[in-house]
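Step one of this worksheet: look at the structure below.
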2 protein chains.
Amino acid sequence: MSKVITSRQEDYSQWYNDLVIKGSLADYSAVRGCMVIKPYGFALWEKMRDQLDKMFKDTGHVNAYFPLFIPKSFLSKEAAHVEGFAKECAVVTHYRLKKDPNGDGVIVDPEAKLEEELIIRPTSETIIWNTYKTWIQSYRDLPLLVNQWANVVRWEMRTRLFLRTAEFLWQEGHTAHATSEEAVAESVQMLNIYAEFAEKYMAMPVIKGVKTESERFAGAIETYCIEALMQDGKALQAGTSHFLGQNFAKAFDVKFSDKDNKLDYVWATSWGVSTRLVGALVMAHSDDDGLILPPRIAPIQAVIVPIYKGNEKKELLDAKAKQLEKELKDAGVSVKLDDNDNSRPGWKFAEYEMKGVPVRIAIGLRDLENNTVEVARRDTKEKKNISTDGFAASITKLLEDIQQQMYDKALAYRAQHITKTDDWNDFVKLLDEKGGFIAAHWDGTAETEEAIKEKTKATIRCIPLNNPQEAGKCILTGKPSSQRVLFARAY
Amino acid sequence: MSKVITSRQEDYSQWYNDLVIKGSLADYSAVRGCMVIKPYGFALWEKMRDQLDKMFKDTGHVNAYFPLFIPKSFLSKEAAHVEGFAKECAVVTHYRLKKDPNGDGVIVDPEAKLEEELIIRPTSETIIWNTYKTWIQSYRDLPLLVNQWANVVRWEMRTRLFLRTAEFLWQEGHTAHATSEEAVAESVQMLNIYAEFAEKYMAMPVIKGVKTESERFAGAIETYCIEALMQDGKALQAGTSHFLGQNFAKAFDVKFSDKDNKLDYVWATSWGVSTRLVGALVMAHSDDDGLILPPRIAPIQAVIVPIYKGNEKKELLDAKAKQLEKELKDAGVSVKLDDNDNSRPGWKFAEYEMKGVPVRIAIGLRDLENNTVEVARRDTKEKKNISTDGFAASITKLLEDIQQQMYDKALAYRAQHITKTDDWNDFVKLLDEKGGFIAAHWDGTAETEEAIKEKTKATIRCIPLNNPQEAGKCILTGKPSSQRVLFARAY
């Protein structure tokens with residue numbers, strides 16, 4: 001195998017890159033900070049997207065599509081928003097190239113300069129709220145529950161495949177409501193959908209909470225988030241849902257008349273998850289032999305590999321393998337039969353191990369006689385022989401078990417990695433040696449939060465929802481505090 | 001009704017715009033040439049996309065995603081390609097904004113200038129073939145059958161909703177093959193898939209053909225196309241599939257070693273359809289009262305409208321309507337029950353007529369007694385009462401009939417609008433008065449093609465596949481010709 005990957009212990013960061021590249025999820029591209037999502041990685045994203053899309057539609061949302069470009073002046077309309085997003089964006093200044101009079105190539109035509117520069121959307125609040133102005137007049141037009149699947153661009157200086165790329169794919173929900181209460185309820189509903197998706201489909205436990213003021217989305221009143229824990233003890237923000245108050249409605253002058261014909265500004269939310277989730281999935285579960293994908297998200301749930309001995313009973317073996325493939329397909333399992341006789345079984349085994357296929361089914365000559373197959377699960381690497389009687393039911397059950405056990409394992413890991421401390425030295429030591437979330441008291445000021453970040457590189461990941469109230473003293477300043485918050489180093 | 005639309009006869013172009021806007025398909029946006037695809041229009045596009053995606057996957061294609069940005073120098077690598085695409089493109093020159101020192105807004109930070117400008121992809125051959133270079137080494141890596149769903153930007157000067165917009169959504173297939181024969185077969189296969197989709201799903205007959213050299217895709221050896229006819233007699237190119245030969249493989253140095261270890265350049269195809277198809281669908285079928293959508297593509301196939309008389313038996317009526325809704329849902333019909341009692345039936349009828357919902361089902365108090373409903377079909381506006389016994393089967397059958405009859409009607413219209421002529425004056429008169437395709441002889445030169453275009457605004461839409469060979473004289477020059485080609489004015 002030329003595809004050997006770096007071990008987590010040796011170099012966690014390199015392990016992650018190896019997995020993404022050698023697991024055929026993505027490649028670097030010729031454009032700085034942009035990646036190519038390869039077919040296997042894209043199939044994974046499609047599974048995630050389709051499930052999320054279903055959950056959005058089941059809760060009354062519809063999809064739409066807004067322009068890629070945002071006029072520069074729009075960004076400035078919401079003061080906090082421009083502060084947060086204007087720093088890192090791709091700017092279109094011209095609309096034509098022409099032949100280089102001094103050479104072979106093409107140059108930007110200086111005569112084709114735009115009157116107003118266009119920004120490639122880093123997020124679409126501004127262009128969408130400018131549109132909502134024409135869509136919303138009355139309470140009858142509300143709530144407006146719109147989602148968009150799109151590409152966005154943020155000019156990040158340090159990029160990593162899936163986790164932080166200049167261009168990424170995501171969905172952004174943008175809803176408009178008649179009351180503050182409805183908008184808050186919508187933000188929380190979408191947070192819960194994200195959490196359910198992460199836990200039930202990605203087998204990745206998450207903590208639901210709110211961000212502190214300094215970590216809030218630029219333009220939000222409240223940012224709800226789900227935070228996951230990776231195997232190296234670092235946290236990863238996996239999704240956010242923002243209650244935007246009337247900020248964007250005011251910036252774009254979007255008012256509605258209520259039942260009593262009184263005019264008021266509309267209340268807003270926005271919420272999003274991105275291809276970053278693919279990175280989270282990789283880091284949450286995989287091992288030193290490759291990816292480990294949860295069955296509900298895996299593009300291939302089971303692979304069948306016939307073990308040939310030359311041409312001995314090859315036709316019988318192929319027929320049996322095809323029959324098993326059909327049984328699984330009929331049971332709704334996403335199955336691949338790999339009967340390519342140009343590659344050896346050992347090579348195939350390693351390949352599917354690398355790609356994280358949850359269940360591998362091998363069938364050889366002896367199995368033919370005994371009506372058995374050898375089943376290997378990717379997560380625990382356990383192998384056993386099972387009867388081909390009730391084959392599809394056995395495999396379906398096994399896939400469910402794997403899904404559950406992957407979640408349980410990740411949950412146990414997280415439970416071991418939420419640590420309370422009231423001592424600063426212990427806090428620093430925990431971050432350096434154990435990692436994970438540290439539940440500690442904080443005095444509630446942005447200054448202290450910043451000072452802790454400076455000293456330890458740890459940030460407040462969130463203030464958990466329904467957080468127990470408990471009197472204490474700030475871990476850094478000793479000032480009074482009424483609750484613990486979760487600190488961690490994070491992606 | 002405030003939503004009255006301009007009639008086709010009065011102003012066909014305005015009729016189209018009215019339909020798109022008042023049928024809630026799309027809106028103009030604040031960005032020149034870019035549109036907002038509204039939820040109903042996007043639902044239509046999703047239905048088209050999902051069906052096409054299934055057809056692509058059923059023929060062995062996989063999806064992937066490549067960067068939005070193309071380095072400027074990449075465009076110049078294929079000579080014909082740069083000629084065709086460099087003219088009209090959005091150019092990113094900077095990656096940061098900063099506060100305007102002289103005002104409130106933001107300005108482009110002159111210090112954040114890119115070393116090499118990035119082009120927003122007008123099509124992705126260059127960035128994809130630059131990537132294929134690393135993916136393809138041996139014949140074992142071929143064929144590579146990749147598709148991408150993406151947004152692209154072409155800086156068109158004159159834009160029209162869906163038909164020609166600066167940004168549009170599309171799919172672009174990019175395949176790589178070991179032989180010229182395989183690549184040609186792939187191009188033709190995809191052309192056939194497009195034609196099948198247009199005819200079976202959009203109920204829109206198309207002519208399959210090849211483009212003349214001057215209408216070919218920039219960088220292609222052969223461009224296959226499907227051409228449809230709109231109700232004003234103008235043609236519309238609905239999809240193209242290109243045999244690219246080894247042009248891009250040579251430009252990006254993509255070679256593979258065959259079974260005998262000999263190196264050769266890879267053979268390529270690319271093929272695409274876009275949101276333009278939504279515009280084609282609108283113009284192919286709709287009438288002066290609104291959209292007419294074919295059942296297989298309609299986001300809502302049937303709408304149920306209860307006719308209340310105050311509160312008389314309202315609960316019974318609602319219960320019956322819900323039961324009918326369930327019967328249709330169970331039969332796989334995409335149905336909407338509109339039991340909103342804030343709007344009157346007449347308003348609802350006009351609304352669903354405008355939106356082109358194929359079947360409207362009204363149920364009133366008398367229907368309750370008689371076990372009937374009133375069914376109105378959108379295409380012919382016929383109404384009849386049917387029994388609620390076998391309700392779902394009746395509606396399913398009706399939807400199939402509508403689909404077929406819409407196709408038949410469009411086919412009959414097209415049959416009446418393919419006219420042969422051998423006389424120049426007649427040719428001009430036909431274009432001005434009857435429209436449609438004119439089958440005429442052409443001497444095969446780009447000069448004559450251009451001269452005809454100058455004189456009549458008609459272009460050669462295609463040379464049909466399996467075109468009858470027939471000796472004749474060029475309609476303009478009188479020079480010898482061996483076959484008729486199809487001329488038309490076009491979108």
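Naming scheme: A, B, ... for chains in displayed order of the structure tokens; residues 1 onward per chain; ligands 1 onward as shown.
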### Query
Which of region 154-379 of chain B counts as strand (DSSP E) under DSSP, as a PyMOL selection string please?
chain B and resi 167-177+207-210+222-229+235-245+255-257+263-265+267-274+302-306+335-337+359-363+372-377
Set the cut-off to 7 Å and count only C-alpha atoms: what are the residues of chain A that reach chain B? Output as an mmCIF file with N, CA and C atoms, in the first residue's frame.
data_model
loop_
_atom_site.group_PDB
_atom_site.id
_atom_site.type_symbol
_atom_site.label_atom_id
_atom_site.label_comp_id
_atom_site.auth_asym_id
_atom_site.auth_seq_id
_atom_site.Cartn_x
_atom_site.Cartn_y
_atom_site.Cartn_z
ATOM 1 N N VAL A 31 -5.890 27.232 -7.246
ATOM 2 C CA VAL A 31 -6.265 28.552 -6.737
ATOM 3 C C VAL A 31 -6.038 28.586 -5.226
ATOM 4 N N CYS A 34 -8.476 27.449 -2.253
ATOM 5 C CA CYS A 34 -9.669 26.752 -2.751
ATOM 6 C C CYS A 34 -9.369 25.278 -2.929
ATOM 7 N N MET A 35 -10.371 24.440 -2.652
ATOM 8 C CA MET A 35 -10.155 23.010 -2.803
ATOM 9 C C MET A 35 -11.016 22.453 -3.928
ATOM 10 N N VAL A 36 -10.631 21.276 -4.403
ATOM 11 C CA VAL A 36 -11.481 20.504 -5.300
ATOM 12 C C VAL A 36 -12.134 19.421 -4.443
ATOM 13 N N ILE A 37 -13.453 19.377 -4.437
ATOM 14 C CA ILE A 37 -14.133 18.300 -3.717
ATOM 15 C C ILE A 37 -14.271 17.128 -4.681
ATOM 16 N N LYS A 38 -13.586 16.023 -4.365
ATOM 17 C CA LYS A 38 -13.569 14.875 -5.273
ATOM 18 C C LYS A 38 -14.896 14.105 -5.201
ATOM 19 N N PRO A 39 -15.143 13.252 -6.183
ATOM 20 C CA PRO A 39 -16.447 12.571 -6.218
ATOM 21 C C PRO A 39 -16.835 11.874 -4.908
ATOM 22 N N PHE A 42 -17.694 14.495 -2.442
ATOM 23 C CA PHE A 42 -18.929 15.184 -2.800
ATOM 24 C C PHE A 42 -20.145 14.299 -2.532
ATOM 25 N N VAL A 62 -38.451 26.783 2.338
ATOM 26 C CA VAL A 62 -38.331 26.579 0.895
ATOM 27 C C VAL A 62 -36.968 27.101 0.446
ATOM 28 N N ASN A 63 -36.490 26.573 -0.670
ATOM 29 C CA ASN A 63 -35.209 27.025 -1.202
ATOM 30 C C ASN A 63 -35.400 28.127 -2.240
ATOM 31 N N ALA A 64 -34.406 28.987 -2.331
ATOM 32 C CA ALA A 64 -34.402 30.032 -3.357
ATOM 33 C C ALA A 64 -32.935 30.278 -3.705
ATOM 34 N N TYR A 65 -32.712 31.204 -4.647
ATOM 35 C CA TYR A 65 -31.327 31.504 -4.999
ATOM 36 C C TYR A 65 -31.130 32.994 -5.250
ATOM 37 N N PHE A 66 -30.141 33.553 -4.576
ATOM 38 C CA PHE A 66 -29.838 34.989 -4.664
ATOM 39 C C PHE A 66 -28.468 35.184 -5.315
ATOM 40 N N PRO A 67 -28.216 36.404 -5.837
ATOM 41 C CA PRO A 67 -26.965 36.618 -6.583
ATOM 42 C C PRO A 67 -25.692 36.360 -5.778
ATOM 43 N N PHE A 69 -23.096 38.057 -6.265
ATOM 44 C CA PHE A 69 -22.439 39.352 -6.075
ATOM 45 C C PHE A 69 -23.204 40.251 -5.115
ATOM 46 N N PRO A 71 -23.245 44.321 -4.065
ATOM 47 C CA PRO A 71 -22.665 45.657 -4.312
ATOM 48 C C PRO A 71 -21.926 46.118 -3.057
ATOM 49 N N SER A 73 -21.530 48.822 -1.562
ATOM 50 C CA SER A 73 -22.229 49.719 -0.635
ATOM 51 C C SER A 73 -23.189 48.962 0.297
ATOM 52 N N SER A 76 -21.879 48.038 3.795
ATOM 53 C CA SER A 76 -21.735 49.101 4.797
ATOM 54 C C SER A 76 -23.033 49.429 5.513
ATOM 55 N N ALA A 86 -16.002 42.764 5.944
ATOM 56 C CA ALA A 86 -15.339 43.498 4.859
ATOM 57 C C ALA A 86 -13.849 43.185 4.780
ATOM 58 N N LYS A 87 -13.295 42.665 5.849
ATOM 59 C CA LYS A 87 -11.862 42.434 5.870
ATOM 60 C C LYS A 87 -11.387 41.424 4.836
ATOM 61 N N GLU A 88 -12.125 40.377 4.663
ATOM 62 C CA GLU A 88 -11.632 39.214 3.938
ATOM 63 C C GLU A 88 -12.598 38.847 2.831
ATOM 64 N N CYS A 89 -12.500 39.523 1.702
ATOM 65 C CA CYS A 89 -13.449 39.185 0.657
ATOM 66 C C CYS A 89 -12.841 39.384 -0.718
ATOM 67 N N ALA A 90 -13.419 38.649 -1.691
ATOM 68 C CA ALA A 90 -12.950 38.747 -3.069
ATOM 69 C C ALA A 90 -13.728 39.857 -3.751
ATOM 70 N N VAL A 91 -12.988 40.773 -4.396
ATOM 71 C CA VAL A 91 -13.603 41.958 -4.982
ATOM 72 C C VAL A 91 -13.504 41.916 -6.504
ATOM 73 N N VAL A 92 -14.659 42.010 -7.156
ATOM 74 C CA VAL A 92 -14.692 42.086 -8.620
ATOM 75 C C VAL A 92 -14.667 43.558 -9.003
ATOM 76 N N THR A 93 -13.671 43.931 -9.792
ATOM 77 C CA THR A 93 -13.532 45.341 -10.176
ATOM 78 C C THR A 93 -13.730 45.566 -11.670
ATOM 79 N N HIS A 94 -13.600 44.502 -12.485
ATOM 80 C CA HIS A 94 -13.670 44.639 -13.941
ATOM 81 C C HIS A 94 -14.529 43.536 -14.535
ATOM 82 N N TYR A 95 -15.028 43.793 -15.750
ATOM 83 C CA TYR A 95 -15.897 42.802 -16.369
ATOM 84 C C TYR A 95 -15.432 42.352 -17.753
ATOM 85 N N ARG A 96 -14.192 42.589 -18.071
ATOM 86 C CA ARG A 96 -13.713 42.159 -19.382
ATOM 87 C C ARG A 96 -12.210 41.975 -19.399
ATOM 88 N N LEU A 97 -11.751 41.007 -20.177
ATOM 89 C CA LEU A 97 -10.331 40.860 -20.462
ATOM 90 C C LEU A 97 -10.126 41.224 -21.928
ATOM 91 N N LYS A 98 -8.877 41.487 -22.292
ATOM 92 C CA LYS A 98 -8.587 41.669 -23.722
ATOM 93 C C LYS A 98 -7.195 41.115 -24.004
ATOM 94 N N GLY A 105 -0.849 36.408 -23.954
ATOM 95 C CA GLY A 105 -1.965 36.169 -23.040
ATOM 96 C C GLY A 105 -3.057 37.213 -23.091
ATOM 97 N N VAL A 106 -3.831 37.283 -21.993
ATOM 98 C CA VAL A 106 -4.885 38.278 -21.884
ATOM 99 C C VAL A 106 -4.606 39.175 -20.678
ATOM 100 N N TRP A 155 -11.838 35.380 2.307
ATOM 101 C CA TRP A 155 -10.428 35.308 1.940
ATOM 102 C C TRP A 155 -9.549 34.993 3.152
#
### Message
Taking the DSSP secondary structure from the backbone, can you list the residues of region 245-345 of chain A that are helix (DSSP H, G or I), as an MDAnalysis selection string?
### Response
chainID A and resid 247:251 276:285 314:330 345
Resulting file, chosen residues, N, CA and C atoms, as an mmCIF file, in the first residue's frame:
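Okay, part27.cif is ready:
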data_model
loop_
_atom_site.group_PDB
_atom_site.id
_atom_site.type_symbol
_atom_site.label_atom_id
_atom_site.label_comp_id
_atom_site.auth_asym_id
_atom_site.auth_seq_id
_atom_site.Cartn_x
_atom_site.Cartn_y
_atom_site.Cartn_z
ATOM 1 N N ASN A 247 -32.026 44.295 13.140
ATOM 2 C CA ASN A 247 -30.855 44.996 12.601
ATOM 3 C C ASN A 247 -30.850 45.112 11.084
ATOM 4 N N PHE A 248 -31.095 43.970 10.401
ATOM 5 C CA PHE A 248 -31.049 44.029 8.936
ATOM 6 C C PHE A 248 -32.307 44.678 8.364
ATOM 7 N N ALA A 249 -33.441 44.470 9.041
ATOM 8 C CA ALA A 249 -34.669 45.142 8.594
ATOM 9 C C ALA A 249 -34.481 46.662 8.639
ATOM 10 N N LYS A 250 -33.826 47.140 9.691
ATOM 11 C CA LYS A 250 -33.582 48.587 9.785
ATOM 12 C C LYS A 250 -32.579 49.038 8.739
ATOM 13 N N ALA A 251 -31.530 48.257 8.552
ATOM 14 C CA ALA A 251 -30.502 48.644 7.583
ATOM 15 C C ALA A 251 -31.063 48.704 6.172
ATOM 16 N N ARG A 276 -17.534 22.397 6.029
ATOM 17 C CA ARG A 276 -16.745 22.198 7.239
ATOM 18 C C ARG A 276 -17.191 20.938 7.988
ATOM 19 N N LEU A 277 -18.484 20.616 7.891
ATOM 20 C CA LEU A 277 -19.001 19.420 8.565
ATOM 21 C C LEU A 277 -18.289 18.155 8.075
ATOM 22 N N VAL A 278 -17.849 18.171 6.823
ATOM 23 C CA VAL A 278 -17.127 16.999 6.321
ATOM 24 C C VAL A 278 -15.829 16.840 7.112
ATOM 25 N N GLY A 279 -15.135 17.950 7.330
ATOM 26 C CA GLY A 279 -13.918 17.914 8.142
ATOM 27 C C GLY A 279 -14.192 17.430 9.561
ATOM 28 N N ALA A 280 -15.285 17.913 10.129
ATOM 29 C CA ALA A 280 -15.652 17.502 11.489
ATOM 30 C C ALA A 280 -15.901 16.007 11.555
ATOM 31 N N LEU A 281 -16.599 15.500 10.556
ATOM 32 C CA LEU A 281 -16.914 14.072 10.509
ATOM 33 C C LEU A 281 -15.638 13.243 10.454
ATOM 34 N N VAL A 282 -14.711 13.682 9.623
ATOM 35 C CA VAL A 282 -13.442 12.968 9.481
ATOM 36 C C VAL A 282 -12.718 12.914 10.823
ATOM 37 N N MET A 283 -12.629 14.083 11.486
ATOM 38 C CA MET A 283 -11.835 14.151 12.714
ATOM 39 C C MET A 283 -12.528 13.534 13.918
ATOM 40 N N ALA A 284 -13.838 13.430 13.869
ATOM 41 C CA ALA A 284 -14.551 12.912 15.032
ATOM 42 C C ALA A 284 -14.396 11.405 15.169
ATOM 43 N N HIS A 285 -14.259 10.683 14.067
ATOM 44 C CA HIS A 285 -14.381 9.223 14.133
ATOM 45 C C HIS A 285 -13.207 8.417 13.599
ATOM 46 N N LYS A 314 -15.772 -19.628 -10.349
ATOM 47 C CA LYS A 314 -15.891 -18.169 -10.407
ATOM 48 C C LYS A 314 -17.316 -17.725 -10.719
ATOM 49 N N GLU A 315 -17.948 -18.467 -11.613
ATOM 50 C CA GLU A 315 -19.306 -18.066 -11.988
ATOM 51 C C GLU A 315 -20.282 -18.201 -10.838
ATOM 52 N N LEU A 316 -20.120 -19.303 -10.083
ATOM 53 C CA LEU A 316 -20.984 -19.520 -8.918
ATOM 54 C C LEU A 316 -20.797 -18.402 -7.895
ATOM 55 N N LEU A 317 -19.522 -18.073 -7.672
ATOM 56 C CA LEU A 317 -19.171 -17.037 -6.696
ATOM 57 C C LEU A 317 -19.766 -15.685 -7.123
ATOM 58 N N ASP A 318 -19.597 -15.377 -8.396
ATOM 59 C CA ASP A 318 -20.140 -14.115 -8.906
ATOM 60 C C ASP A 318 -21.660 -14.079 -8.786
ATOM 61 N N ALA A 319 -22.285 -15.205 -9.078
ATOM 62 C CA ALA A 319 -23.748 -15.246 -9.005
ATOM 63 C C ALA A 319 -24.215 -15.023 -7.578
ATOM 64 N N LYS A 320 -23.519 -15.661 -6.646
ATOM 65 C CA LYS A 320 -23.897 -15.512 -5.235
ATOM 66 C C LYS A 320 -23.688 -14.060 -4.772
ATOM 67 N N ALA A 321 -22.547 -13.496 -5.171
ATOM 68 C CA ALA A 321 -22.251 -12.110 -4.779
ATOM 69 C C ALA A 321 -23.321 -11.163 -5.333
ATOM 70 N N LYS A 322 -23.714 -11.396 -6.567
ATOM 71 C CA LYS A 322 -24.753 -10.557 -7.179
ATOM 72 C C LYS A 322 -26.081 -10.705 -6.462
ATOM 73 N N GLN A 323 -26.352 -11.938 -6.023
ATOM 74 C CA GLN A 323 -27.609 -12.167 -5.302
ATOM 75 C C GLN A 323 -27.600 -11.414 -3.964
ATOM 76 N N LEU A 324 -26.463 -11.477 -3.278
ATOM 77 C CA LEU A 324 -26.355 -10.771 -1.995
ATOM 78 C C LEU A 324 -26.465 -9.261 -2.201
ATOM 79 N N GLU A 325 -25.844 -8.781 -3.274
ATOM 80 C CA GLU A 325 -25.927 -7.362 -3.599
ATOM 81 C C GLU A 325 -27.389 -6.957 -3.786
ATOM 82 N N LYS A 326 -28.125 -7.795 -4.512
ATOM 83 C CA LYS A 326 -29.530 -7.478 -4.778
ATOM 84 C C LYS A 326 -30.348 -7.478 -3.481
ATOM 85 N N GLU A 327 -30.061 -8.459 -2.618
ATOM 86 C CA GLU A 327 -30.801 -8.513 -1.343
ATOM 87 C C GLU A 327 -30.590 -7.222 -0.545
ATOM 88 N N LEU A 328 -29.346 -6.741 -0.536
ATOM 89 C CA LEU A 328 -29.066 -5.508 0.216
ATOM 90 C C LEU A 328 -29.721 -4.301 -0.446
ATOM 91 N N LYS A 329 -29.621 -4.222 -1.769
ATOM 92 C CA LYS A 329 -30.254 -3.108 -2.475
ATOM 93 C C LYS A 329 -31.747 -3.071 -2.193
ATOM 94 N N ASP A 330 -32.368 -4.238 -2.258
ATOM 95 C CA ASP A 330 -33.811 -4.300 -2.019
ATOM 96 C C ASP A 330 -34.161 -3.863 -0.595
ATOM 97 N N PRO A 345 -7.781 -9.036 -3.325
ATOM 98 C CA PRO A 345 -8.624 -8.746 -2.163
ATOM 99 C C PRO A 345 -7.929 -7.869 -1.125
#
### Task
Would you kindly return, as number ranges by chain, each protein, DNA or RNA residue with an atom no farther than 9 Å from any atom of Leu236 (chain B), considering only C-alpha atoms and excluding same-chain residues fewer than 2 positions away?
B: 226-230, 234, 238, 280, 461, 489-491
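Compared by their closest atoms to Trp267 (chain B), and using only C-alpha atoms, the residues B:Gln137, B:Thr223, B:Thr179, B:Gln9 rank with B:Thr179 nearest.
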### Task
Find the residues around Ile460 (chain A) up to 9 Å (only C-alpha atoms counted), leave out those fewer than 3 positions away in its own chain, and share them as a list in words.
Lys211, Thr212, Glu215, Glu449, Lys453, Ile463, Val485, Leu486, Phe487, Ala488 and Arg489 of chain A
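CA of Asp288 (chain A) is positioned 13.9 Å from CA of Ile21 (chain A).
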### Task
Extract, using only C-alpha atoms, all DNA, RNA and protein residues at most 9 Å from Trp129 (chain B), discarding same-chain residues fewer than 4 positions from it, and format them as a PyMOL selection string.
chain B and resi 124-125+133+174+248-249+251-254
### Task
Please provide as a PyMOL selection string all residues within 10 Å of Leu293 (chain A), with the sequence filter that same-chain residues fewer than 2 positions apart are discarded (counting only C-alpha atoms).
chain A and resi 44+202-203+281-282+284-286+290-291+295-301+355-358+378-379+402-403+406
Generate a file of the selected residues that holds N, CA and C atoms, formatted as a compact mmCIF listing (two decimals), in the first residue's frame.
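What landed in out_8.txt:
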# COMPACT_ATOMS: atom_id res chain seq x y z
N LEU A 44 -20.39 12.29 -0.12
CA LEU A 44 -20.60 12.43 1.33
C LEU A 44 -21.36 13.73 1.62
N MET A 202 -24.55 12.16 11.86
CA MET A 202 -23.09 12.16 11.86
C MET A 202 -22.52 11.40 13.06
N ALA A 203 -23.38 10.93 13.95
CA ALA A 203 -22.94 10.22 15.16
C ALA A 203 -21.96 11.06 15.97
N LEU A 281 -16.60 15.50 10.56
CA LEU A 281 -16.91 14.07 10.51
C LEU A 281 -15.64 13.24 10.45
N VAL A 282 -14.71 13.68 9.62
CA VAL A 282 -13.44 12.97 9.48
C VAL A 282 -12.72 12.91 10.82
N ALA A 284 -13.84 13.43 13.87
CA ALA A 284 -14.55 12.91 15.03
C ALA A 284 -14.40 11.41 15.17
N HIS A 285 -14.26 10.68 14.07
CA HIS A 285 -14.38 9.22 14.13
C HIS A 285 -13.21 8.42 13.60
N SER A 286 -12.42 8.99 12.70
CA SER A 286 -11.50 8.14 11.93
C SER A 286 -10.32 7.65 12.76
N GLY A 290 -7.52 5.00 8.34
CA GLY A 290 -8.34 5.68 7.35
C GLY A 290 -9.61 6.26 7.94
N LEU A 291 -10.53 6.57 7.06
CA LEU A 291 -11.80 7.15 7.46
C LEU A 291 -12.66 6.11 8.18
N PRO A 295 -22.86 4.91 9.19
CA PRO A 295 -23.68 4.34 8.12
C PRO A 295 -24.71 5.29 7.51
N ARG A 296 -25.32 6.14 8.32
CA ARG A 296 -26.39 6.98 7.76
C ARG A 296 -25.90 8.06 6.82
N ILE A 297 -24.60 8.30 6.81
CA ILE A 297 -24.02 9.34 5.97
C ILE A 297 -23.06 8.75 4.93
N ALA A 298 -22.68 7.50 5.13
CA ALA A 298 -21.68 6.89 4.23
C ALA A 298 -22.24 6.74 2.82
N PRO A 299 -21.49 7.22 1.79
CA PRO A 299 -21.96 7.03 0.41
C PRO A 299 -22.10 5.56 0.04
N ILE A 300 -21.17 4.74 0.53
CA ILE A 300 -21.29 3.28 0.37
C ILE A 300 -21.40 2.69 1.77
N GLN A 301 -22.50 2.01 2.06
CA GLN A 301 -22.68 1.47 3.41
C GLN A 301 -22.05 0.10 3.55
N LYS A 355 -11.37 4.28 2.90
CA LYS A 355 -12.53 5.09 2.57
C LYS A 355 -13.64 5.03 3.62
N GLY A 356 -13.43 4.22 4.65
CA GLY A 356 -14.37 4.23 5.77
C GLY A 356 -15.70 3.55 5.52
N VAL A 357 -15.74 2.64 4.55
CA VAL A 357 -17.00 1.92 4.30
C VAL A 357 -17.36 1.10 5.55
N PRO A 358 -18.53 1.32 6.13
CA PRO A 358 -18.85 0.74 7.44
C PRO A 358 -18.79 -0.78 7.52
N ARG A 378 -15.98 -1.71 10.02
CA ARG A 378 -14.86 -0.79 9.92
C ARG A 378 -14.53 -0.16 11.26
N ASP A 379 -15.55 0.14 12.08
CA ASP A 379 -15.29 0.93 13.29
C ASP A 379 -14.48 0.15 14.32
N ILE A 402 -23.64 -0.16 14.37
CA ILE A 402 -22.44 0.65 14.14
C ILE A 402 -22.75 2.13 14.36
N GLN A 403 -23.87 2.56 13.77
CA GLN A 403 -24.27 3.96 13.93
C GLN A 403 -24.35 4.31 15.42
N MET A 406 -20.89 4.13 17.28
CA MET A 406 -20.00 5.25 16.94
C MET A 406 -20.41 6.49 17.75
### Task
Determine the nearest neighbour of Ala195 (chain A) from the options A:Ala176, A:Val273, A:Ile136, A:Ala302, counting only C-alpha atoms.
A:Val273
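Within 12 Å of Ser343 (chain A), once only C-alpha atoms are used and residues closer than 4 positions along the same chain are dropped, the contacting residues are Val305, Pro306, Ile307, Tyr308, Asp338, Asp339, Trp347, Lys348, Phe349, Ala350 and Glu351 of chain A; Arg140 of chain B.
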Generate the output file for the selected residues, C-alpha atoms, as a PDB file, in the first residue's frame.
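What ended up in out-v6.pdb:
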ATOM      1  CA  VAL A 305     -15.720  -8.543  -2.202  1.00  0.00           C
ATOM      2  CA  PRO A 306     -15.666 -12.010  -3.789  1.00  0.00           C
ATOM      3  CA  ILE A 307     -12.442 -13.890  -3.054  1.00  0.00           C
ATOM      4  CA  TYR A 308     -11.489 -15.751  -6.193  1.00  0.00           C
ATOM      5  CA  ASP A 338     -16.395  -5.013  -6.205  1.00  0.00           C
ATOM      6  CA  ASP A 339     -15.883  -7.966  -8.552  1.00  0.00           C
ATOM      7  CA  TRP A 347      -5.681  -4.217  -1.916  1.00  0.00           C
ATOM      8  CA  LYS A 348      -9.461  -3.854  -1.950  1.00  0.00           C
ATOM      9  CA  PHE A 349      -9.712  -4.386   1.801  1.00  0.00           C
ATOM     10  CA  ALA A 350      -7.193  -1.623   2.457  1.00  0.00           C
ATOM     11  CA  GLU A 351      -8.934   0.667  -0.044  1.00  0.00           C
TER      12      GLU A 351
ATOM     13  CA  ARG B 140      -7.235   2.368 -15.572  1.00  0.00           C
TER      14      ARG B 140
END
